[in-house]
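Structure file input.cif; described as mmCIF, N, CA and C atoms.
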data_my_file
#
loop_
_atom_site.label_atom_id
_atom_site.label_comp_id
_atom_site.auth_asym_id
_atom_site.auth_seq_id
_atom_site.Cartn_x
_atom_site.Cartn_y
_atom_site.Cartn_z
N MET A 1 36.01 -4.47 196.50
CA MET A 1 36.93 -3.38 196.71
C MET A 1 36.93 -2.49 195.47
N ASN A 2 36.77 -1.19 195.65
CA ASN A 2 36.79 -0.25 194.55
C ASN A 2 38.23 0.21 194.32
N ARG A 3 38.79 -0.15 193.16
CA ARG A 3 40.17 0.21 192.86
C ARG A 3 40.20 1.33 191.84
N SER A 4 41.21 2.14 191.91
CA SER A 4 41.39 3.18 190.91
C SER A 4 42.84 3.18 190.46
N ARG A 5 43.06 3.79 189.29
CA ARG A 5 44.40 3.78 188.72
C ARG A 5 44.82 5.19 188.35
N ALA A 6 46.11 5.44 188.53
CA ALA A 6 46.68 6.73 188.18
C ALA A 6 47.93 6.52 187.33
N ALA A 7 48.26 7.54 186.55
CA ALA A 7 49.50 7.55 185.79
C ALA A 7 50.23 8.84 186.13
N ILE A 8 51.56 8.76 186.14
CA ILE A 8 52.40 9.91 186.42
C ILE A 8 53.23 10.21 185.19
N LEU A 9 53.20 11.46 184.77
CA LEU A 9 54.00 11.89 183.63
C LEU A 9 55.00 12.96 184.08
N PRO A 10 56.26 12.56 184.35
CA PRO A 10 57.29 13.56 184.62
C PRO A 10 57.55 14.29 183.31
N PHE A 11 57.59 15.61 183.34
CA PHE A 11 57.60 16.37 182.11
C PHE A 11 58.60 17.53 182.20
N PRO A 12 59.63 17.55 181.31
CA PRO A 12 60.67 18.58 181.39
C PRO A 12 60.33 19.89 180.69
N GLY A 13 59.18 19.98 180.01
CA GLY A 13 58.76 21.25 179.45
C GLY A 13 58.74 21.36 177.93
N ASP A 14 59.00 20.30 177.20
CA ASP A 14 58.98 20.35 175.74
C ASP A 14 57.53 20.31 175.25
N PRO A 15 57.02 21.41 174.67
CA PRO A 15 55.61 21.44 174.26
C PRO A 15 55.28 20.46 173.14
N TYR A 16 56.25 20.12 172.30
CA TYR A 16 56.01 19.15 171.23
C TYR A 16 55.77 17.76 171.81
N LEU A 17 56.59 17.40 172.80
CA LEU A 17 56.38 16.11 173.47
C LEU A 17 55.04 16.08 174.21
N LEU A 18 54.70 17.19 174.84
CA LEU A 18 53.42 17.25 175.55
C LEU A 18 52.26 17.03 174.58
N ASN A 19 52.29 17.68 173.44
CA ASN A 19 51.23 17.48 172.45
C ASN A 19 51.16 16.03 172.01
N TYR A 20 52.30 15.40 171.81
CA TYR A 20 52.33 13.99 171.42
C TYR A 20 51.74 13.11 172.51
N TRP A 21 52.20 13.29 173.76
CA TRP A 21 51.72 12.48 174.87
C TRP A 21 50.23 12.67 175.11
N LEU A 22 49.78 13.91 175.09
CA LEU A 22 48.35 14.15 175.33
C LEU A 22 47.50 13.65 174.17
N GLY A 23 48.03 13.66 172.97
CA GLY A 23 47.31 13.05 171.85
C GLY A 23 47.10 11.57 172.06
N LEU A 24 48.13 10.88 172.54
CA LEU A 24 48.00 9.45 172.85
C LEU A 24 47.04 9.24 174.01
N TYR A 25 47.13 10.09 175.01
CA TYR A 25 46.22 10.01 176.16
C TYR A 25 44.77 10.16 175.70
N ASP A 26 44.51 11.18 174.89
CA ASP A 26 43.15 11.44 174.41
C ASP A 26 42.60 10.29 173.58
N ARG A 27 43.44 9.71 172.74
CA ARG A 27 42.97 8.67 171.81
C ARG A 27 42.93 7.28 172.41
N PHE A 28 43.89 6.95 173.28
CA PHE A 28 44.04 5.54 173.64
C PHE A 28 43.82 5.20 175.11
N TRP A 29 44.24 6.02 176.04
CA TRP A 29 44.15 5.53 177.42
C TRP A 29 43.50 6.47 178.40
N LYS A 30 42.79 7.43 177.93
CA LYS A 30 42.06 8.34 178.82
C LYS A 30 41.04 7.59 179.69
N ASP A 31 40.40 6.59 179.12
CA ASP A 31 39.39 5.84 179.86
C ASP A 31 39.97 4.69 180.69
N GLU A 32 41.28 4.51 180.61
CA GLU A 32 41.93 3.41 181.34
C GLU A 32 42.41 3.82 182.73
N ILE A 33 42.46 5.12 183.00
CA ILE A 33 42.94 5.59 184.30
C ILE A 33 41.93 6.54 184.91
N ASP A 34 42.07 6.75 186.21
CA ASP A 34 41.19 7.66 186.93
C ASP A 34 41.82 9.04 187.12
N ARG A 35 43.14 9.12 187.04
CA ARG A 35 43.82 10.40 187.22
C ARG A 35 45.16 10.34 186.50
N LEU A 36 45.53 11.46 185.85
CA LEU A 36 46.84 11.63 185.24
C LEU A 36 47.52 12.79 185.94
N TYR A 37 48.68 12.53 186.53
CA TYR A 37 49.47 13.55 187.18
C TYR A 37 50.57 13.98 186.22
N ILE A 38 50.52 15.22 185.76
CA ILE A 38 51.56 15.76 184.89
C ILE A 38 52.43 16.67 185.73
N CYS A 39 53.71 16.32 185.82
CA CYS A 39 54.64 17.04 186.69
C CYS A 39 55.68 17.77 185.86
N LEU A 40 55.47 19.06 185.67
CA LEU A 40 56.42 19.90 184.95
C LEU A 40 57.45 20.41 185.94
N ASN A 41 58.70 20.12 185.67
CA ASN A 41 59.79 20.59 186.52
C ASN A 41 60.89 21.16 185.63
N SER A 42 60.82 22.47 185.46
CA SER A 42 61.78 23.12 184.58
C SER A 42 61.72 24.62 184.78
N PRO A 43 62.87 25.28 184.72
CA PRO A 43 62.88 26.74 184.84
C PRO A 43 62.61 27.41 183.49
N ILE A 44 61.47 27.11 182.89
CA ILE A 44 61.14 27.69 181.59
C ILE A 44 60.40 29.01 181.76
N GLU A 45 60.26 29.74 180.66
CA GLU A 45 59.62 31.05 180.69
C GLU A 45 58.14 30.92 181.09
N ALA A 46 57.63 31.97 181.73
CA ALA A 46 56.24 31.97 182.21
C ALA A 46 55.26 31.80 181.06
N VAL A 47 55.56 32.37 179.90
CA VAL A 47 54.65 32.25 178.75
C VAL A 47 54.53 30.79 178.32
N MET A 48 55.60 30.01 178.44
CA MET A 48 55.54 28.58 178.09
C MET A 48 54.73 27.81 179.13
N VAL A 49 54.87 28.17 180.38
CA VAL A 49 54.07 27.52 181.43
C VAL A 49 52.59 27.76 181.16
N GLU A 50 52.23 28.97 180.78
CA GLU A 50 50.83 29.28 180.47
C GLU A 50 50.35 28.51 179.25
N TYR A 51 51.19 28.39 178.22
CA TYR A 51 50.83 27.59 177.05
C TYR A 51 50.58 26.14 177.45
N ILE A 52 51.45 25.59 178.28
CA ILE A 52 51.32 24.20 178.73
C ILE A 52 50.03 24.02 179.51
N LYS A 53 49.71 24.95 180.40
CA LYS A 53 48.45 24.87 181.15
C LYS A 53 47.25 24.89 180.20
N THR A 54 47.31 25.75 179.19
CA THR A 54 46.22 25.84 178.21
C THR A 54 46.09 24.55 177.43
N ARG A 55 47.21 23.98 177.03
CA ARG A 55 47.17 22.72 176.27
C ARG A 55 46.62 21.59 177.12
N ILE A 56 47.02 21.52 178.37
CA ILE A 56 46.52 20.48 179.27
C ILE A 56 45.01 20.64 179.46
N ALA A 57 44.55 21.87 179.59
CA ALA A 57 43.12 22.12 179.80
C ALA A 57 42.28 21.56 178.65
N LYS A 58 42.80 21.55 177.43
CA LYS A 58 42.07 21.00 176.28
C LYS A 58 41.83 19.50 176.44
N SER A 59 42.71 18.81 177.14
CA SER A 59 42.57 17.37 177.36
C SER A 59 41.95 17.06 178.71
N ASN A 60 41.59 18.07 179.46
CA ASN A 60 41.14 17.86 180.84
C ASN A 60 39.68 18.24 181.05
N GLU A 61 38.86 18.04 180.05
CA GLU A 61 37.44 18.37 180.18
C GLU A 61 36.76 17.55 181.27
N ASP A 62 37.25 16.35 181.50
CA ASP A 62 36.65 15.48 182.52
C ASP A 62 37.31 15.64 183.90
N GLY A 63 38.30 16.51 184.01
CA GLY A 63 38.93 16.77 185.30
C GLY A 63 39.86 15.69 185.80
N LYS A 64 40.32 14.80 184.92
CA LYS A 64 41.19 13.71 185.35
C LYS A 64 42.66 14.09 185.47
N ILE A 65 43.04 15.22 184.92
CA ILE A 65 44.45 15.60 184.91
C ILE A 65 44.74 16.58 186.04
N LEU A 66 45.78 16.27 186.80
CA LEU A 66 46.27 17.17 187.82
C LEU A 66 47.65 17.66 187.37
N PHE A 67 47.78 18.97 187.21
CA PHE A 67 49.03 19.58 186.75
C PHE A 67 49.81 20.08 187.95
N ILE A 68 51.06 19.69 188.02
CA ILE A 68 51.97 20.09 189.11
C ILE A 68 53.14 20.81 188.47
N TYR A 69 53.47 21.98 188.96
CA TYR A 69 54.59 22.73 188.38
C TYR A 69 55.59 23.11 189.45
N ASP A 70 56.85 22.83 189.17
CA ASP A 70 57.95 23.25 190.02
C ASP A 70 59.01 23.86 189.10
N PRO A 71 59.39 25.11 189.31
CA PRO A 71 60.32 25.77 188.41
C PRO A 71 61.78 25.33 188.57
N VAL A 72 62.01 24.26 189.30
CA VAL A 72 63.37 23.76 189.52
C VAL A 72 63.53 22.43 188.79
N GLN A 73 64.59 22.30 188.00
CA GLN A 73 64.89 21.05 187.32
C GLN A 73 65.24 19.99 188.36
N MET A 74 64.63 18.82 188.26
CA MET A 74 64.86 17.73 189.21
C MET A 74 65.20 16.45 188.45
N GLU A 75 65.80 15.53 189.15
CA GLU A 75 66.05 14.21 188.59
C GLU A 75 64.72 13.48 188.40
N HIS A 76 64.69 12.56 187.46
CA HIS A 76 63.49 11.82 187.11
C HIS A 76 62.84 11.16 188.34
N GLY A 77 63.63 10.48 189.13
CA GLY A 77 63.10 9.79 190.31
C GLY A 77 62.53 10.74 191.35
N ALA A 78 63.16 11.89 191.51
CA ALA A 78 62.67 12.88 192.47
C ALA A 78 61.31 13.43 192.05
N VAL A 79 61.12 13.61 190.75
CA VAL A 79 59.83 14.11 190.24
C VAL A 79 58.75 13.06 190.48
N ILE A 80 59.06 11.81 190.20
CA ILE A 80 58.09 10.74 190.43
C ILE A 80 57.74 10.65 191.91
N ASN A 81 58.73 10.74 192.78
CA ASN A 81 58.46 10.69 194.23
C ASN A 81 57.58 11.86 194.67
N LYS A 82 57.82 13.03 194.11
CA LYS A 82 57.00 14.19 194.46
C LYS A 82 55.54 13.94 194.05
N ALA A 83 55.34 13.37 192.88
CA ALA A 83 53.98 13.06 192.43
C ALA A 83 53.38 11.96 193.29
N LEU A 84 54.14 10.95 193.63
CA LEU A 84 53.63 9.85 194.45
C LEU A 84 53.13 10.35 195.81
N ASP A 85 53.74 11.40 196.31
CA ASP A 85 53.28 11.98 197.58
C ASP A 85 51.86 12.54 197.45
N LEU A 86 51.43 12.86 196.23
CA LEU A 86 50.10 13.43 196.00
C LEU A 86 49.06 12.40 195.55
N VAL A 87 49.52 11.27 195.05
CA VAL A 87 48.62 10.27 194.48
C VAL A 87 47.73 9.68 195.56
N LEU A 88 46.43 9.69 195.30
CA LEU A 88 45.45 9.10 196.21
C LEU A 88 44.88 7.80 195.65
N GLU A 89 45.02 7.57 194.38
CA GLU A 89 44.45 6.39 193.74
C GLU A 89 45.22 5.14 194.17
#

Would you put the structure from the file into C-alpha cells?
Amino acid sequence: MNRSRAAILPFPGDPYLLNYWLGLYDRFWKDEIDRLYICLNSPIEAVMVEYIKTRIAKSNEDGKILFIYDPVQMEHGAVINKALDLVLE
C-alpha cells in the first residue's frame, strides 16, 4: 500500500511566525511529508497576503505546499476542518 502524509498549518497571518515555521519546515521536515496545507484565515491587508504568498513560494520549489486563504477569522478547529476537506493524502 502506498501511503502519503500531510500536515496542516492553521495560520492567523503573523509573518514572523510564518518565517519561523517555514524555516523549520525547510530545515527539518520538508522530506517527511508529501503535502503541507497552509491555511491563512484573517482579514489582513492585501499587501500582507501578497507578502505571505511570496514567502511561501520560496519554500515551495517542489510544489508540496498548498496555500488556502479565507479573509474571515475562524476558530482553530474550523480552519483544520476546512483543510481536512481538501486533504487527499

(request) Convert the output of the PyMOL selection byres ((chain A and resi 7-12) around 6) on the shown file into explicit residues, formatted as a list in words. (result)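 The output of the PyMOL selection byres ((chain A and resi 7-12) around 6) on this file is Arg5, Ala6, Gly13, Asp14, Arg35, Leu36, Tyr37, Ile38, Cys39, Leu40, Asn41 and Ser42 of chain A.
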
(request) Using DSSP on the backbone, list every residue of chain A that comes out as helix (DSSP H, G or I), and give them as a ChimeraX atom specification. (result) /A:15-32,46-58,76-84

(request) Grab the atom CA of A:Ile44 to atom CA of A:Glu61 distance for me, in Å with one decimal place. (result)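 Atom CA of A:Glu61 lies at a distance of 25.5 Å from atom CA of A:Ile44.
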
(request) Any chance you could resolve the PyMOL selection byres ((chain A and resi 72-83) around 5) against this file and give the residues as a list of chain:residue names? (result) A:Asn41, A:Ser42, A:Pro43, A:Asp70, A:Pro71, A:Leu84, A:Asp85, A:Leu86, A:Val87

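Relative to atom C of A:Trp21, atom CA of A:Glu45 is found at 21.4 Å.
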
(request) Please measure the separation of atom N of A:Ala46 and atom C of A:Asp26, giving the value in Å to one decimal. (result)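 If I compute the distance from atom N of A:Ala46 to atom C of A:Asp26, I get 27.6 Å.
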
(message) From a backbone DSSP assignment, name each residue in chain A labelled strand (DSSP E or B), as number ranges by chain.
(response) A: 6-11, 35-41, 65-70

(request) Using only C-alpha atoms, pick whichever of A:Tyr69, A:Ser59, A:Met48, A:Pro15 has the shortest atom-to-atom distance to A:Arg27. (result)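 Closest to A:Arg27 of all the choices is A:Ser59.
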